[in-house]
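Structure, as structure tokens:
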Amino acid sequence: MSETQTKDLPATEQQGERRLNMIEAINDALDVSMGRDDDVVVMGEDVGYFGGVFRCTAGLQDKYGKTRVFDTPINECGIIAVAVGMGAYGLRPVPEIQFADYIYPGLDQLISEAARLRYRSAGEYVAPMTVRSPFGGGIFGGQTHSQSPEAIFTHVSGLKTVIPATPYDAKGLLISCIEDNDPVIFFEPKRIYNGPFSGYYDKPVQPWKKFDASVVPEGYYKIPLGKARHVTEGDRLTVLAYGTMVHVVEAVCREKGVEADILDLRTLVPLDIEAIEASIERTGRCLIVHEATRTSGFGAELSALVTERCFYHLEAPVERVTGFDTPYPHSLEWAYFPGPIRIGEAIDKILKD
Amino acid sequence: MADRPQGSAAEGENRPTLSLHVPEPKFRPGDTVDFSHIDVPEAGSMARPDEACDPAEMRDLAYGLVRVLGDDDKAHGPWDPKLDADTLRAMLGHMAMTRAFDERMFRGQRQGKTSFYMKCTGEEATSVSASMALAGDDMVFPSYRQQGILIQRGYPLIEMINQIYSNKGDKLKGRQLPIMYSSREHSFFTISGNLATQTPQAVGWAMASAMKGDSRIAATWVGEGSTAEGDFHSACTFATVYNAPVILNVINNQWAISSFSGFAGAERTTFAARALGYGLAGLRVDGNDALACYAAERWAANRARANAGPTLIEFFTYRAEGHSTSDDPSGYRSAQERSEWPLGDPVMRLKNHLIALGEWDEERQEKMDLEAAEHVKKVTKEAEANGILGHGLHHPFRTMFEDVFEELPWHLREQADQAVHERKTKFPEGLPEA
């Protein structure tokens with residue numbers, strides 16, 4: 001990062017540290033992984049020469065060449081399928097699906113093939129791919145550029161689902177995913193690519209460099225899959241969230257003065273059940289927040305797990321705050337988004353008694 | 001009547017009435033079969049272009065039919081691969097073994113030893129001969145009727161039978177439907193059971209091989225019915241875009257369970273002609289002519305290995321038996337089709353060719369068939385010592401949870417404990433002996 005880009009950093013900045021937004025952190029993870037392992041290849045629509053519509057793959061083709069970073073036909077089924085074949089050959093493909101909303105043509109190849117190779121061949125063949133895809137709304141993307149389909153993938157045996165919430169995590173988690181020998185869906189919350197989001201769409205966004213979570217070390221580091229992150233520690237209630245909603249719920253708690261134990265789940269499958277249980281045993285109250293639609297959303301699974309495993313510690317019913325069960329609306333997207341009002345009221349309800 | 005935009009009814013009054021075409025096969029049960037509409041060109045009449053030629057220069061080959069073995073049982077024309085007698089006898093041997101294996105396994109299913117089986121009767125050349133034209137380490141992505149490849153590549157029959165019986169010798173741990181084999185050692189990809197998914201995967205493998213500067217190519221097999229799947233078109237697109245070293249083999253055996261090839265578009269054009277729109281090399285081949293199958297596959301393999309591009313081959317053949325043990329074709333097609341099929345039987349044709357060459361005779365054929373049957377019978381007995389599906393529960397319950405992921409996460413560990421608990425509750429004295 002150049003001098004001019006870093007000169008406005010707040011006082012917490014340490015000499016020599018590097019602050020990246022989430023796009024740069026993802027790009028860095030790809031760069032580090034490709035530099036370490038010749039078998040890592042990047043492909044997808046517009047990812048090559050152009051560097052991706054969100055710029056996550058910028059500069060990689062220049063550095064690693066066209067046989068390791070290349071554009072693909074607009075054919076998500078084919079993108080996932082050739083990644084399965086490449087994985088079987090021994091490569092570690094990192095295909096990009098340009099928007100999570102476009103992933104559906106590739107579902108059979110993900111669900112019936114990538115997720116099943118190891119099982120059906122008793123380990124003879126595996127599909128170690130990381131499917132990167134920007135997801136979530138809040139960018140006026142309408143119904144086809146805003147969805148959060150993570151629950152579809154958590155329902156499939158054999159797939160891991162990972163969602164980062166900070167630049168530091170995005171890099172460390174993505175490197176772990178690429179090195180993982182199982183297929184991973186890596187959903188990137190595009191609303192927070194450039195800065196964390198408080199939930200107030202009418203307030204200016206603060207860039208990542210103003211936050212310490214944007215300090216991204218050079219080189220190689222990993223964050224293990226299946227480990228949640230403590231965002232804030234508190235005793236009043238436990239909040240389970242991931243992606244964009246981590247920041248929204250953190251802002252709401254701060255504003256309300258509620259000392260919440262906020263867990264950024266980071267990995268939905270495998271889930272860090274120990275961290276969840278430990279937190280709820282302490283707080284006795286649980287709020288689950290996600291942007292995806294409500295019915296059969298991942299919050300339903302979390303709610304069931306908490307009820308099954310922590311029932312005698314609960315002092316109030318588990319609450320879910322989610323998107324509504326409608327397609328993502330264009331002009332009414334902020335009415336759809338589970339923002340500060342919906343979250344604030346749920347917290348009030350949980351803390352009432 | 002469906003809703004129309006307001007006012008448009010009046011606007012459309014003078015237009016002709018539309019009608020929907022729903023394909024119908026020529027013959028149904030009981031019908032007299034006449035295949036004279038099928039154009040069968042003379043053996044040797046098709047030109048053999050250079051392997052590196054532009055697909056546009058070989059359009060005729062997507063509509064014609066490459067044939068080598070003539071009615072005189074001799075090899076004709078430029079596609080004659082000129083194989084020596086030992087190779088031809090080996091080819092015949094693999095085909096005979098495949099047929100003997102099918103007979104035994106079909107019977108085993110009928111005897112209740114397993115749940116399911118699929119024969120490839122009449123299509124043996126499309127896997128055996130094609131496989132012989134590839135290198136042993138070329139990667140194959142088969143569909144479910146290519147047991148001939150495994151037999152040709154020397155995969156032990158007992159492994160196949162163990163898999164079919166899902167018994168304790170099954171290295172796939174009883175997880176897969178019978179015949180969904182996998183053998184990495186034989187460069188044979190794990191069979192899916194979902195249709196056509198393997199075709200773009202083969203392209204991806206071939207792309208990887210090219211990316212790495214390897215010399216191995218990939219080949220995939222798919223039925224004509226499944227060419228209707230989007231995956232097949234993904235395969236064609238990626239193959240042509242990246243000039244992948246891959247062969248797309250389409251086995252046109254006329255029937256996809258009860259749906260004739262017309263439901264995949266055969267009333268309008270050939271399956272080899274699919275190649276043309278993609279700029280792939282396209283060959284249409286007599287799939288019951290073992291020499292033509294070998295020659296076409298070798299042509300495509302040479303082309304791929306020389307970085308000259310992918311090939312789509314349609315093998316024109318006939319599914320002589322039912323789709324599977326779960327199917328009864330007498331319910332939807334005329335029984336006469338099999339005997340009237342104008343391209344004959346691939347095993348008989350190759351046998352007759354060897355006899356015409358003076359390299360074979362009926363006695364030796366009879367002996368070979370007998371030995372194949374005896375060998376399969378013997379191996380079947382060995383496999384039965386490992387158990388049959390009907391006896392069930394051959395594998396420890398925990399194996400059900402292994403290989404979902406590389407490592408067992410907590411939720412699967414808990415579920416595995418539950419499964420073991422249920423087993424102990426049901427069988428407190430331990431599992432019953434088969």
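Each chain of the structure tokens is named A, B, ... in the order shown, its residues numbered from 1; ligands are numbered from 1 in display order.
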
| task | For Thr240 (chain B), list every protein, DNA or RNA residue within 9 Å, evaluated using only C-alpha atoms, and leave out those in the same chain fewer than 2 positions away; present the list as a ChimeraX atom specification. | result | /B:235-238,242-244,278-280,309-310

| Using only C-alpha atoms, which chain B residues lie at most 7 Å away from chain A, written as number ranges by chain? | B: 172-173, 175-176, 182, 184, 190, 197, 200-205, 208, 211, 231, 234-235, 403-406, 409

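Of the listed residues B:Ile179, B:Ala301, B:Ile149, B:Leu92, the one whose atoms come nearest to Lys119 (chain B) is B:Ile179, with distances taken using only C-alpha atoms.
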
Near region 44-60 of chain A, 12 Å: region 174-242 of chain A residue rows, closest pairs, only C-alpha atoms, as a tab-separated table:
residue	atom	partner	partner_atom	distance
A:Glu188	CA	A:Cys56	CA	10.4
A:Pro189	CA	A:Phe54	CA	11.7
A:Lys190	CA	A:Phe54	CA	8.6
A:Arg191	CA	A:Phe54	CA	11.3
A:Ile192	CA	A:Phe54	CA	11.9
A:Tyr193	CA	A:Phe54	CA	8.7
A:Asn194	CA	A:Phe54	CA	10.3

Only C-alpha atoms, please: the residues just picked out, written as a PDB file, in the first residue's frame.
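selection21.pdb, written as the output of this step:
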ATOM      1  CA  GLU A 188     -17.692 -12.715   0.911  1.00  0.00           C
ATOM      2  CA  PRO A 189     -20.032 -10.118   2.453  1.00  0.00           C
ATOM      3  CA  LYS A 190     -19.759  -7.535  -0.287  1.00  0.00           C
ATOM      4  CA  ARG A 191     -21.480  -4.793   1.723  1.00  0.00           C
ATOM      5  CA  ILE A 192     -18.392  -4.672   3.929  1.00  0.00           C
ATOM      6  CA  TYR A 193     -15.744  -5.088   1.215  1.00  0.00           C
ATOM      7  CA  ASN A 194     -14.690  -1.467   1.726  1.00  0.00           C
TER       8      ASN A 194
END

| message | Could you go through region 84-309 of chain A and tell me which residues DSSP, when run on the backbone, assigns to strand (DSSP E or B), listing them as a ChimeraX atom specification? | response | /A:92-96,130-135,160-162,184-189,215,229-232,237-241,260-264,267-269,286-293

Please dump the current selection as a short mmCIF file (atom, residue, chain, number, x, y, z; two decimals), in the first residue's frame; keep N, CA and C atoms.
data_model
loop_
_atom_site.label_atom_id
_atom_site.label_comp_id
_atom_site.auth_asym_id
_atom_site.auth_seq_id
_atom_site.Cartn_x
_atom_site.Cartn_y
_atom_site.Cartn_z
N ARG A 92 -5.61 -27.28 -6.90
CA ARG A 92 -6.46 -26.66 -5.88
C ARG A 92 -7.14 -25.44 -6.51
N PRO A 93 -8.21 -25.69 -7.25
CA PRO A 93 -8.86 -24.56 -7.92
C PRO A 93 -9.60 -23.65 -6.95
N VAL A 94 -9.57 -22.37 -7.25
CA VAL A 94 -10.33 -21.38 -6.49
C VAL A 94 -11.25 -20.66 -7.47
N PRO A 95 -12.37 -21.28 -7.82
CA PRO A 95 -13.27 -20.63 -8.76
C PRO A 95 -14.03 -19.49 -8.09
N GLU A 96 -14.27 -18.45 -8.85
CA GLU A 96 -15.12 -17.36 -8.36
C GLU A 96 -16.47 -17.43 -9.06
N THR A 130 -12.09 -24.19 -3.43
CA THR A 130 -12.70 -23.12 -2.65
C THR A 130 -13.49 -22.24 -3.61
N VAL A 131 -14.80 -22.26 -3.45
CA VAL A 131 -15.66 -21.45 -4.31
C VAL A 131 -15.87 -20.11 -3.62
N ARG A 132 -15.26 -19.07 -4.17
CA ARG A 132 -15.43 -17.72 -3.63
C ARG A 132 -16.65 -17.07 -4.30
N SER A 133 -17.44 -16.38 -3.49
CA SER A 133 -18.58 -15.69 -4.10
C SER A 133 -19.05 -14.55 -3.20
N PRO A 134 -19.15 -13.33 -3.76
CA PRO A 134 -19.70 -12.23 -2.99
C PRO A 134 -21.19 -12.47 -2.72
N PHE A 135 -21.64 -12.21 -1.50
CA PHE A 135 -23.05 -12.45 -1.18
C PHE A 135 -23.58 -11.31 -0.32
N LYS A 160 -18.17 -27.39 3.33
CA LYS A 160 -17.93 -26.45 4.41
C LYS A 160 -18.35 -25.06 3.95
N THR A 161 -18.85 -24.26 4.88
CA THR A 161 -19.29 -22.91 4.53
C THR A 161 -18.60 -21.92 5.45
N VAL A 162 -17.89 -20.97 4.84
CA VAL A 162 -17.07 -20.03 5.59
C VAL A 162 -17.44 -18.60 5.17
N VAL A 184 -15.01 -26.05 -0.15
CA VAL A 184 -15.47 -25.00 0.76
C VAL A 184 -16.19 -23.92 -0.04
N ILE A 185 -17.31 -23.46 0.51
CA ILE A 185 -17.99 -22.28 -0.04
C ILE A 185 -17.53 -21.09 0.80
N PHE A 186 -16.92 -20.13 0.16
CA PHE A 186 -16.39 -18.95 0.86
C PHE A 186 -17.21 -17.75 0.42
N PHE A 187 -18.16 -17.38 1.25
CA PHE A 187 -19.03 -16.25 0.90
C PHE A 187 -18.44 -14.95 1.44
N GLU A 188 -18.28 -13.99 0.54
CA GLU A 188 -17.69 -12.71 0.91
C GLU A 188 -18.80 -11.67 1.05
N PRO A 189 -18.96 -11.10 2.25
CA PRO A 189 -20.03 -10.12 2.45
C PRO A 189 -19.68 -8.82 1.73
N VAL A 215 -5.79 -4.43 9.90
CA VAL A 215 -4.35 -4.66 9.93
C VAL A 215 -4.12 -6.10 9.47
N ARG A 229 -15.10 -16.22 16.51
CA ARG A 229 -14.30 -15.10 17.02
C ARG A 229 -15.14 -14.31 18.02
N HIS A 230 -14.57 -14.01 19.14
CA HIS A 230 -15.26 -13.14 20.09
C HIS A 230 -15.13 -11.70 19.63
N VAL A 231 -16.24 -11.07 19.28
CA VAL A 231 -16.19 -9.68 18.81
C VAL A 231 -16.17 -8.76 20.01
N THR A 232 -17.13 -8.96 20.90
CA THR A 232 -17.13 -8.24 22.18
C THR A 232 -17.48 -9.25 23.26
N LEU A 237 -26.27 -10.83 27.06
CA LEU A 237 -26.80 -11.81 26.11
C LEU A 237 -25.72 -12.24 25.14
N THR A 238 -25.99 -13.40 24.52
CA THR A 238 -25.10 -13.90 23.48
C THR A 238 -25.70 -13.53 22.14
N VAL A 239 -24.86 -13.05 21.24
CA VAL A 239 -25.33 -12.79 19.87
C VAL A 239 -24.53 -13.68 18.93
N LEU A 240 -25.24 -14.43 18.10
CA LEU A 240 -24.60 -15.26 17.08
C LEU A 240 -24.83 -14.60 15.72
N ALA A 241 -23.74 -14.24 15.03
CA ALA A 241 -23.87 -13.55 13.75
C ALA A 241 -22.68 -13.90 12.87
N ALA A 260 -22.95 -7.14 25.30
CA ALA A 260 -23.30 -8.41 24.66
C ALA A 260 -22.05 -9.24 24.40
N ASP A 261 -22.24 -10.55 24.44
CA ASP A 261 -21.18 -11.48 24.07
C ASP A 261 -21.41 -11.81 22.60
N ILE A 262 -20.75 -11.08 21.74
CA ILE A 262 -21.01 -11.26 20.30
C ILE A 262 -20.01 -12.24 19.71
N LEU A 263 -20.55 -13.30 19.13
CA LEU A 263 -19.70 -14.29 18.45
C LEU A 263 -19.84 -14.14 16.95
N ASP A 264 -18.73 -13.90 16.28
CA ASP A 264 -18.70 -13.96 14.82
C ASP A 264 -18.38 -15.42 14.49
N THR A 267 -17.24 -19.72 10.57
CA THR A 267 -17.48 -20.97 9.84
C THR A 267 -18.84 -21.50 10.27
N LEU A 268 -19.74 -21.73 9.31
CA LEU A 268 -21.06 -22.26 9.67
C LEU A 268 -21.01 -23.78 9.75
N VAL A 269 -20.28 -24.39 8.82
CA VAL A 269 -20.00 -25.84 8.88
C VAL A 269 -18.51 -26.00 8.61
N CYS A 286 -30.04 -15.54 24.12
CA CYS A 286 -29.41 -15.71 22.81
C CYS A 286 -30.18 -15.02 21.70
N LEU A 287 -29.46 -14.19 20.98
CA LEU A 287 -30.01 -13.55 19.78
C LEU A 287 -29.23 -14.05 18.58
N ILE A 288 -29.96 -14.41 17.53
CA ILE A 288 -29.33 -14.90 16.30
C ILE A 288 -29.67 -13.91 15.19
N VAL A 289 -28.67 -13.47 14.46
CA VAL A 289 -28.90 -12.45 13.44
C VAL A 289 -28.32 -12.90 12.11
N HIS A 290 -29.15 -12.94 11.09
CA HIS A 290 -28.61 -13.07 9.73
C HIS A 290 -29.46 -12.32 8.73
N GLU A 291 -28.84 -12.02 7.62
CA GLU A 291 -29.50 -11.22 6.60
C GLU A 291 -30.39 -12.08 5.71
N ALA A 292 -30.09 -13.36 5.64
CA ALA A 292 -30.83 -14.27 4.76
C ALA A 292 -32.28 -14.38 5.20
N THR A 293 -33.10 -14.89 4.30
CA THR A 293 -34.51 -15.11 4.61
C THR A 293 -34.64 -16.00 5.83
#

| Arg274 (chain B) surroundings by only C-alpha atoms, 10 Å radius, close-in-sequence under 2 positions cut, as a list of chain:residue names | B:Ala62, B:Thr227, B:His233, B:Cys236, B:Thr269, B:Thr270, B:Phe271, B:Ala272, B:Leu276, B:Gly277, B:Tyr278, B:Gly279, B:Leu280, B:Ala281, B:Gly282, B:Leu312, B:Ile313, B:Glu314

| task | Determine which residues of region 111-303 of chain A receive a DSSP assignment of alpha helix (DSSP H), computed from the backbone, and state them as number ranges by chain. | result | A: 117-120, 150-154, 167-179, 244-256, 273-283, 298-303

Output for the residues just chosen: C-alpha atoms as a PDB file, in the first residue's frame:
ATOM      1  CA  LEU A 117     -16.404 -37.380  -4.365  1.00  0.00           C
ATOM      2  CA  ARG A 118     -14.520 -38.295  -1.216  1.00  0.00           C
ATOM      3  CA  TYR A 119     -17.438 -40.275   0.182  1.00  0.00           C
ATOM      4  CA  ARG A 120     -18.517 -42.137  -2.901  1.00  0.00           C
ATOM      5  CA  GLU A 150     -25.650 -19.910   2.787  1.00  0.00           C
ATOM      6  CA  ALA A 151     -28.266 -22.198   4.328  1.00  0.00           C
ATOM      7  CA  ILE A 152     -28.600 -24.129   1.072  1.00  0.00           C
ATOM      8  CA  PHE A 153     -24.968 -25.143   1.417  1.00  0.00           C
ATOM      9  CA  THR A 154     -24.937 -25.810   5.150  1.00  0.00           C
ATOM     10  CA  PRO A 167     -10.044  -8.115   6.305  1.00  0.00           C
ATOM     11  CA  TYR A 168      -7.745  -9.897   8.762  1.00  0.00           C
ATOM     12  CA  ASP A 169     -10.093 -12.857   8.951  1.00  0.00           C
ATOM     13  CA  ALA A 170     -10.782 -12.854   5.224  1.00  0.00           C
ATOM     14  CA  LYS A 171      -7.127 -13.449   4.473  1.00  0.00           C
ATOM     15  CA  GLY A 172      -6.472 -16.020   7.173  1.00  0.00           C
ATOM     16  CA  LEU A 173      -9.674 -17.928   6.541  1.00  0.00           C
ATOM     17  CA  LEU A 174      -9.291 -17.935   2.770  1.00  0.00           C
ATOM     18  CA  ILE A 175      -5.782 -19.383   3.021  1.00  0.00           C
ATOM     19  CA  SER A 176      -7.151 -22.099   5.312  1.00  0.00           C
ATOM     20  CA  CYS A 177      -9.965 -22.838   2.849  1.00  0.00           C
ATOM     21  CA  ILE A 178      -7.580 -23.130  -0.091  1.00  0.00           C
ATOM     22  CA  GLU A 179      -5.384 -25.534   1.863  1.00  0.00           C
ATOM     23  CA  THR A 244     -22.083  -8.016   7.531  1.00  0.00           C
ATOM     24  CA  MET A 245     -24.451  -8.551  10.451  1.00  0.00           C
ATOM     25  CA  VAL A 246     -21.571  -8.860  12.911  1.00  0.00           C
ATOM     26  CA  HIS A 247     -20.912  -5.165  12.447  1.00  0.00           C
ATOM     27  CA  VAL A 248     -24.538  -4.112  12.430  1.00  0.00           C
ATOM     28  CA  VAL A 249     -25.304  -5.917  15.671  1.00  0.00           C
ATOM     29  CA  GLU A 250     -22.110  -4.635  17.276  1.00  0.00           C
ATOM     30  CA  ALA A 251     -23.138  -1.060  16.452  1.00  0.00           C
ATOM     31  CA  VAL A 252     -26.629  -1.583  17.853  1.00  0.00           C
ATOM     32  CA  CYS A 253     -25.309  -3.025  21.118  1.00  0.00           C
ATOM     33  CA  ARG A 254     -22.847  -0.195  21.452  1.00  0.00           C
ATOM     34  CA  GLU A 255     -25.563   2.362  20.838  1.00  0.00           C
ATOM     35  CA  LYS A 256     -27.914   0.760  23.344  1.00  0.00           C
ATOM     36  CA  ILE A 273     -20.493 -25.333  19.064  1.00  0.00           C
ATOM     37  CA  GLU A 274     -18.204 -25.158  22.086  1.00  0.00           C
ATOM     38  CA  ALA A 275     -17.894 -21.388  21.891  1.00  0.00           C
ATOM     39  CA  ILE A 276     -21.663 -21.066  21.480  1.00  0.00           C
ATOM     40  CA  GLU A 277     -22.451 -23.301  24.442  1.00  0.00           C
ATOM     41  CA  ALA A 278     -19.877 -21.642  26.683  1.00  0.00           C
ATOM     42  CA  SER A 279     -21.247 -18.202  25.938  1.00  0.00           C
ATOM     43  CA  ILE A 280     -24.887 -19.083  26.468  1.00  0.00           C
ATOM     44  CA  GLU A 281     -24.136 -20.921  29.669  1.00  0.00           C
ATOM     45  CA  ARG A 282     -22.799 -17.589  30.907  1.00  0.00           C
ATOM     46  CA  THR A 283     -25.403 -15.194  29.543  1.00  0.00           C
ATOM     47  CA  PHE A 298     -29.200 -21.005   9.194  1.00  0.00           C
ATOM     48  CA  GLY A 299     -30.691 -19.205  12.210  1.00  0.00           C
ATOM     49  CA  ALA A 300     -33.228 -21.998  12.486  1.00  0.00           C
ATOM     50  CA  GLU A 301     -30.412 -24.509  12.897  1.00  0.00           C
ATOM     51  CA  LEU A 302     -28.654 -22.288  15.427  1.00  0.00           C
ATOM     52  CA  SER A 303     -31.861 -21.773  17.361  1.00  0.00           C
TER      53      SER A 303
END

| message | I'd like the neighbourhood of Arg364 (chain B) as a ChimeraX atom specification, where a residue qualifies if any of its atoms comes within 12 Å (using only C-alpha atoms), though same-chain residues fewer than 2 positions away should be ignored. | response | /B:89,92-93,351,354-355,359-362,366-371

Can you write out the residues you just picked, keeping N, CA and C atoms, as a tab-separated table (two decimals), in the first residue's frame?
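In the end it all went to part-v9.tsv:
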chain	number	residue	atom	x	y	z
B	89	ARG	N	-7.49	-60.45	-31.03
B	89	ARG	CA	-7.95	-61.52	-30.15
B	89	ARG	C	-8.11	-61.01	-28.71
B	92	LEU	N	-11.34	-59.10	-28.63
B	92	LEU	CA	-12.46	-60.05	-28.60
B	92	LEU	C	-12.58	-60.68	-27.21
B	93	GLY	N	-11.43	-60.98	-26.62
B	93	GLY	CA	-11.43	-61.58	-25.29
B	93	GLY	C	-12.04	-60.66	-24.24
B	351	LYS	N	-15.57	-61.42	-34.10
B	351	LYS	CA	-15.24	-62.85	-34.19
B	351	LYS	C	-15.19	-63.27	-35.67
B	354	LEU	N	-12.05	-62.07	-37.40
B	354	LEU	CA	-10.86	-62.87	-37.07
B	354	LEU	C	-10.89	-64.21	-37.81
B	355	ILE	N	-12.08	-64.78	-37.90
B	355	ILE	CA	-12.20	-66.05	-38.63
B	355	ILE	C	-11.88	-65.82	-40.11
B	359	GLU	N	-7.48	-66.27	-38.39
B	359	GLU	CA	-6.81	-66.16	-37.10
B	359	GLU	C	-7.68	-66.66	-35.96
B	360	TRP	N	-8.78	-67.27	-36.28
B	360	TRP	CA	-9.72	-67.67	-35.22
B	360	TRP	C	-10.66	-68.71	-35.80
B	361	ASP	N	-11.34	-69.44	-34.91
B	361	ASP	CA	-12.35	-70.38	-35.40
B	361	ASP	C	-13.43	-70.57	-34.33
B	362	GLU	N	-14.51	-71.23	-34.71
B	362	GLU	CA	-15.66	-71.37	-33.80
B	362	GLU	C	-15.29	-72.17	-32.56
B	366	GLU	N	-15.77	-70.85	-28.82
B	366	GLU	CA	-16.59	-71.57	-27.85
B	366	GLU	C	-15.80	-71.79	-26.56
B	367	LYS	N	-14.53	-72.16	-26.76
B	367	LYS	CA	-13.66	-72.41	-25.61
B	367	LYS	C	-13.45	-71.12	-24.80
B	368	MET	N	-13.25	-70.03	-25.53
B	368	MET	CA	-13.01	-68.75	-24.87
B	368	MET	C	-14.25	-68.32	-24.06
B	369	ASP	N	-15.42	-68.47	-24.69
B	369	ASP	CA	-16.66	-68.09	-24.00
B	369	ASP	C	-16.85	-68.93	-22.74
B	370	LEU	N	-16.55	-70.21	-22.88
B	370	LEU	CA	-16.71	-71.12	-21.76
B	370	LEU	C	-15.76	-70.75	-20.62
B	371	GLU	N	-14.51	-70.48	-21.01
B	371	GLU	CA	-13.52	-70.12	-20.01
B	371	GLU	C	-13.87	-68.80	-19.31

| message | Residues within 6 Å of region 139-148 of chain A, please, as a PyMOL selection string. Count only C-alpha atoms; anything in the same chain fewer than 5 positions from it doesn't count. | response | chain A and resi 101+292+327-330

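Our summary of the geometry notes that CA of Phe232 (chain B) is positioned 5.8 Å from CA of Ala196 (chain B).
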
| task | Could you give me, as a VMD selection string, the residues within 8 Å of Thr311 (chain B), counting only C-alpha atoms and dropping anything in the same chain fewer than 5 positions from it? | result | chain B and resid 246 to 248 275 280 to 283 300 303 to 304

How would the residues just picked look written out with N, CA and C atoms as a compact mmCIF listing (two decimals), in the first residue's frame?
# COMPACT_ATOMS: atom_id res chain seq x y z
N VAL B 246 -9.38 -33.58 -24.70
CA VAL B 246 -10.44 -34.43 -24.17
C VAL B 246 -11.24 -35.05 -25.31
N ILE B 247 -11.79 -36.22 -25.06
CA ILE B 247 -12.67 -36.89 -26.03
C ILE B 247 -14.03 -37.05 -25.38
N LEU B 248 -15.05 -36.56 -26.05
CA LEU B 248 -16.42 -36.69 -25.55
C LEU B 248 -17.10 -37.81 -26.33
N ALA B 275 -21.22 -31.35 -32.36
CA ALA B 275 -19.85 -30.85 -32.37
C ALA B 275 -19.71 -29.59 -33.22
N LEU B 280 -16.07 -28.17 -32.49
CA LEU B 280 -15.34 -29.38 -32.11
C LEU B 280 -15.25 -30.29 -33.31
N ALA B 281 -14.23 -31.16 -33.34
CA ALA B 281 -14.21 -32.21 -34.35
C ALA B 281 -15.33 -33.19 -34.01
N GLY B 282 -16.08 -33.61 -35.01
CA GLY B 282 -17.20 -34.52 -34.77
C GLY B 282 -17.10 -35.76 -35.64
N LEU B 283 -17.23 -36.93 -35.01
CA LEU B 283 -17.20 -38.19 -35.75
C LEU B 283 -18.44 -38.99 -35.40
N ALA B 300 -9.09 -39.51 -32.30
CA ALA B 300 -9.36 -38.41 -31.36
C ALA B 300 -8.24 -38.29 -30.32
N ARG B 303 -5.32 -36.63 -31.89
CA ARG B 303 -5.64 -35.20 -32.04
C ARG B 303 -5.44 -34.47 -30.71
N ALA B 304 -6.01 -35.04 -29.64
CA ALA B 304 -5.91 -34.39 -28.33
C ALA B 304 -4.46 -34.33 -27.87

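Nearest residue to Tyr318 (chain B), choosing from B:Gly122, B:Gly265, B:Gly169, B:Pro142 and counting only C-alpha atoms: B:Gly122.
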
| Neighbour list for Gln198 (chain B) as an MDAnalysis selection string, cut-off 8 Å, only C-alpha atoms, skip fewer than 6 positions in-chain | (chainID A and resid 81) or (chainID B and resid 141:143 191:192 220)

Please produce a file of those selected residues containing N, CA and C atoms, as an mmCIF file, in the first residue's frame.
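Result file is result-v1.cif:
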data_model
loop_
_atom_site.group_PDB
_atom_site.id
_atom_site.type_symbol
_atom_site.label_atom_id
_atom_site.label_comp_id
_atom_site.auth_asym_id
_atom_site.auth_seq_id
_atom_site.Cartn_x
_atom_site.Cartn_y
_atom_site.Cartn_z
ATOM 1 N N ALA A 81 -17.859 -27.600 -12.381
ATOM 2 C CA ALA A 81 -17.547 -28.946 -12.886
ATOM 3 C C ALA A 81 -16.078 -29.065 -13.276
ATOM 4 N N PHE B 141 -13.606 -40.745 -17.633
ATOM 5 C CA PHE B 141 -14.762 -40.319 -16.839
ATOM 6 C C PHE B 141 -15.986 -41.006 -17.432
ATOM 7 N N PRO B 142 -16.255 -42.222 -16.965
ATOM 8 C CA PRO B 142 -17.312 -43.011 -17.595
ATOM 9 C C PRO B 142 -18.699 -42.646 -17.086
ATOM 10 N N SER B 143 -19.685 -43.096 -17.830
ATOM 11 C CA SER B 143 -21.046 -43.141 -17.322
ATOM 12 C C SER B 143 -21.200 -44.521 -16.670
ATOM 13 N N ILE B 191 -17.827 -43.250 -10.565
ATOM 14 C CA ILE B 191 -19.067 -43.054 -11.334
ATOM 15 C C ILE B 191 -20.109 -42.383 -10.447
ATOM 16 N N SER B 192 -20.792 -41.407 -11.011
ATOM 17 C CA SER B 192 -21.717 -40.599 -10.223
ATOM 18 C C SER B 192 -23.084 -41.232 -10.071
ATOM 19 N N THR B 220 -14.404 -39.073 -21.834
ATOM 20 C CA THR B 220 -15.620 -39.267 -21.059
ATOM 21 C C THR B 220 -16.684 -39.940 -21.923
#

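CA of Glu384 (chain B) is positioned 25.1 Å from CA of Asp327 (chain B).
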
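The closest residue to Trp208 (chain A), picked from A:Leu314, A:Tyr64, A:Tyr336, A:Ala25 and counting only C-alpha atoms, is A:Ala25.
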